[in-house]
Amino acid sequence: MARALHKYLRDEVKSTPFCPGCGHGILLGLILRAIEGLDLDMKRMLFVSGIGCAAWIPSPNFRADTLHTLHGRAVAFATGAKLVNPDLHVVVISGDGDLSSIGGNHLIHAARRNIDLTVICANNMVYGMTGGQVAPTTPTGALSATTPVGNPFRPFDLTRLVKAAGGAYVARGSVTRPYDLMGYIARAIETPAFSFVEVLSPCPTQFGRRNRLDSVPDAFDHLNRMCGSWAGLDPETVLDADHLVLGEFTDG
Ligand SMILES: Cc1ncc(C[n+]2csc(CCOP(=O)(O)OP(=O)(O)O)c2C)c(N)n1
Ligand SMILES: [Mg+2]
């Protein structure tokens with residue numbers, strides 16, 4: 001499979017921007033595996049990202065057209081590209097801060113307008129690239145560079161937010177459950193309407209370091225525990241800062 005994926009990657013890119021243990025590299029591989037499974041032509045795809053560690057997933061790695069845009073504006077660029085090139089599969093890949101903080105309005109309005117985009121949000125529960133500041137997805141009580149005694153606020157439930165705004169296909173997966181996640185990504189790309197996949201992705205360097213999850217295995221275990229025992233439950237029944245429900249949250 002690794003050899004099969006090689007054709008989707010640019011040869012000239014020799015290094016990775018991701019820290020050891022970052023989940024974004026796993027997500028990169030799963031997106032390409034989903035594309036391989038769907039047998040899509042990369043010439044008919046456009047990948048759009050904002051600014052942040054997650055925004056480096058498609059650009060410069062994918063051997064396809066990629067737009068690395070402004071912080072928070074990936075969905076706006078993607079909307080424009082889709083409107084003038086309706087035959088393109090336009091996939092936004094960016095971070096939780098980028099898409100739900102500064103870019104939050106673009107996200108909900110694209111869902112409301114049901115623009116035919118796929119948005120993959122790599123949620124590491126923090127602003128990773130800029131030093132681990134609190135994000136709208138940081139769990140209540142979690143420590144960050146800007147909440148040294150704990151985040152006093154509750155996080156967004158991104159899947160519920162996008163579903164309420166009108167998203168046609170909405171799912172939450174985790175890089176710690178790669179096979180399920182690959183299926184969600186494939187079904188999102190196949191959906192001819194606004195689709196959204198939230199992807200939990202550990203950040204040992206920023207989130208882990210401050211929250212006593214110092215080692216890479218600890219950061220992965222923590223995420224798995226958050227998601228584990230709640231998998232398969234109705235998202236309406238349970239959600240708090242420490243427990244996340246994985247699955248596809250789409251009516252009918
Ligand atoms: C207009 C603007 N404001 C702020 C920044 C600084 N900035 C760059 S990336 C980022 C946060 C990225 O967080 P996220 O999207 O969650 O990605 P991660 O690095 O965690 O993968 C911020 C605040 C910027 N580049 N431009
Ligand atoms: Mg982030």
# chains A, B, ... in the order shown; residues from 1 in each chain; ligands from 1
call {"tool": "residues_near_ligand", "arguments": {"ligand": "ligand 1", "cutoff": "6 Å", "atoms": "only C-alpha atoms and all ligand atoms", "output": "JSON, numbers by chain"}}
result
{"A": [51, 52, 53, 54, 71, 95, 96, 97, 98, 124, 126, 127, 128, 129, 130]}
call {"tool": "write_last_selection", "arguments": {"atoms": "N, CA, C and O atoms", "output": "PDB file, in the first residue's frame"}}
result
ATOM      1  N   ILE A  51      -3.967  28.024   7.587  1.00  0.00           N
ATOM      2  CA  ILE A  51      -2.653  28.139   8.213  1.00  0.00           C
ATOM      3  C   ILE A  51      -2.671  27.360   9.532  1.00  0.00           C
ATOM      4  O   ILE A  51      -3.626  27.448  10.296  1.00  0.00           O
ATOM      5  N   GLY A  52      -1.596  26.632   9.788  1.00  0.00           N
ATOM      6  CA  GLY A  52      -1.481  25.817  10.999  1.00  0.00           C
ATOM      7  C   GLY A  52      -0.743  24.543  10.637  1.00  0.00           C
ATOM      8  O   GLY A  52      -0.454  24.290   9.465  1.00  0.00           O
ATOM      9  N   CYS A  53      -0.428  23.711  11.645  1.00  0.00           N
ATOM     10  CA  CYS A  53       0.259  22.445  11.340  1.00  0.00           C
ATOM     11  C   CYS A  53      -0.593  21.605  10.400  1.00  0.00           C
ATOM     12  O   CYS A  53      -0.087  21.044   9.422  1.00  0.00           O
ATOM     13  N   ALA A  54      -1.890  21.508  10.678  1.00  0.00           N
ATOM     14  CA  ALA A  54      -2.769  20.659   9.862  1.00  0.00           C
ATOM     15  C   ALA A  54      -2.811  21.127   8.416  1.00  0.00           C
ATOM     16  O   ALA A  54      -3.014  20.324   7.498  1.00  0.00           O
ATOM     17  N   HIS A  71      -5.055  32.244   7.089  1.00  0.00           N
ATOM     18  CA  HIS A  71      -5.605  31.648   8.304  1.00  0.00           C
ATOM     19  C   HIS A  71      -7.117  31.896   8.367  1.00  0.00           C
ATOM     20  O   HIS A  71      -7.573  33.043   8.291  1.00  0.00           O
ATOM     21  N   GLY A  95      -6.960  22.853  10.319  1.00  0.00           N
ATOM     22  CA  GLY A  95      -6.999  22.578  11.752  1.00  0.00           C
ATOM     23  C   GLY A  95      -8.273  23.055  12.427  1.00  0.00           C
ATOM     24  O   GLY A  95      -9.083  23.780  11.854  1.00  0.00           O
ATOM     25  N   ASP A  96      -8.404  22.638  13.678  1.00  0.00           N
ATOM     26  CA  ASP A  96      -9.576  23.017  14.468  1.00  0.00           C
ATOM     27  C   ASP A  96      -9.597  24.527  14.729  1.00  0.00           C
ATOM     28  O   ASP A  96     -10.663  25.160  14.662  1.00  0.00           O
ATOM     29  N   GLY A  97      -8.434  25.101  14.989  1.00  0.00           N
ATOM     30  CA  GLY A  97      -8.391  26.546  15.206  1.00  0.00           C
ATOM     31  C   GLY A  97      -8.720  27.293  13.931  1.00  0.00           C
ATOM     32  O   GLY A  97      -9.554  28.204  13.909  1.00  0.00           O
ATOM     33  N   ASP A  98      -8.106  26.864  12.855  1.00  0.00           N
ATOM     34  CA  ASP A  98      -8.307  27.513  11.564  1.00  0.00           C
ATOM     35  C   ASP A  98      -9.772  27.466  11.135  1.00  0.00           C
ATOM     36  O   ASP A  98     -10.347  28.472  10.706  1.00  0.00           O
ATOM     37  N   ASN A 124      -6.723  18.792  17.056  1.00  0.00           N
ATOM     38  CA  ASN A 124      -5.772  18.403  18.103  1.00  0.00           C
ATOM     39  C   ASN A 124      -6.041  19.175  19.398  1.00  0.00           C
ATOM     40  O   ASN A 124      -5.227  19.190  20.307  1.00  0.00           O
ATOM     41  N   VAL A 126      -6.121  22.239  20.165  1.00  0.00           N
ATOM     42  CA  VAL A 126      -5.213  23.322  20.539  1.00  0.00           C
ATOM     43  C   VAL A 126      -4.747  24.043  19.277  1.00  0.00           C
ATOM     44  O   VAL A 126      -4.878  23.515  18.173  1.00  0.00           O
ATOM     45  N   TYR A 127      -4.252  25.272  19.422  1.00  0.00           N
ATOM     46  CA  TYR A 127      -3.524  25.905  18.321  1.00  0.00           C
ATOM     47  C   TYR A 127      -2.102  25.356  18.381  1.00  0.00           C
ATOM     48  O   TYR A 127      -1.271  25.859  19.137  1.00  0.00           O
ATOM     49  N   GLY A 128      -1.838  24.334  17.568  1.00  0.00           N
ATOM     50  CA  GLY A 128      -0.546  23.665  17.684  1.00  0.00           C
ATOM     51  C   GLY A 128       0.615  24.516  17.193  1.00  0.00           C
ATOM     52  O   GLY A 128       1.599  24.727  17.900  1.00  0.00           O
ATOM     53  N   MET A 129       0.500  25.026  15.980  1.00  0.00           N
ATOM     54  CA  MET A 129       1.658  25.627  15.324  1.00  0.00           C
ATOM     55  C   MET A 129       2.159  26.877  16.026  1.00  0.00           C
ATOM     56  O   MET A 129       3.350  27.180  16.013  1.00  0.00           O
ATOM     57  N   THR A 130       1.257  27.606  16.669  1.00  0.00           N
ATOM     58  CA  THR A 130       1.670  28.881  17.257  1.00  0.00           C
ATOM     59  C   THR A 130       2.064  28.753  18.726  1.00  0.00           C
ATOM     60  O   THR A 130       2.291  29.761  19.391  1.00  0.00           O
TER      61      THR A 130
END
call {"tool": "residues_around", "arguments": {"residues": "Leu107 in chain A", "least_positions_apart": "4", "cutoff": "12 Å", "atoms": "only C-alpha atoms", "output": "ChimeraX atom specification"}}
result
/A:72-79,92,94,96-103,111-115,117-121,158-159,161-167,194-196
call {"tool": "residues_around", "arguments": {"residues": "Thr66 in chain A", "least_positions_apart": "5", "cutoff": "6 Å", "atoms": "only C-alpha atoms", "output": "list in words"}}
result
Leu46, Phe47, Val48 and Ser59 of chain A
call {"tool": "atom_distance", "arguments": {"atom1": "CA of Pro17 in chain A", "atom2": "CA of Ile57 in chain A"}}
result
8.9 Å
call {"tool": "atom_distance", "arguments": {"atom1": "CA of Arg44 in chain A", "atom2": "CA of Pro192 in chain A"}}
result
14.4 Å
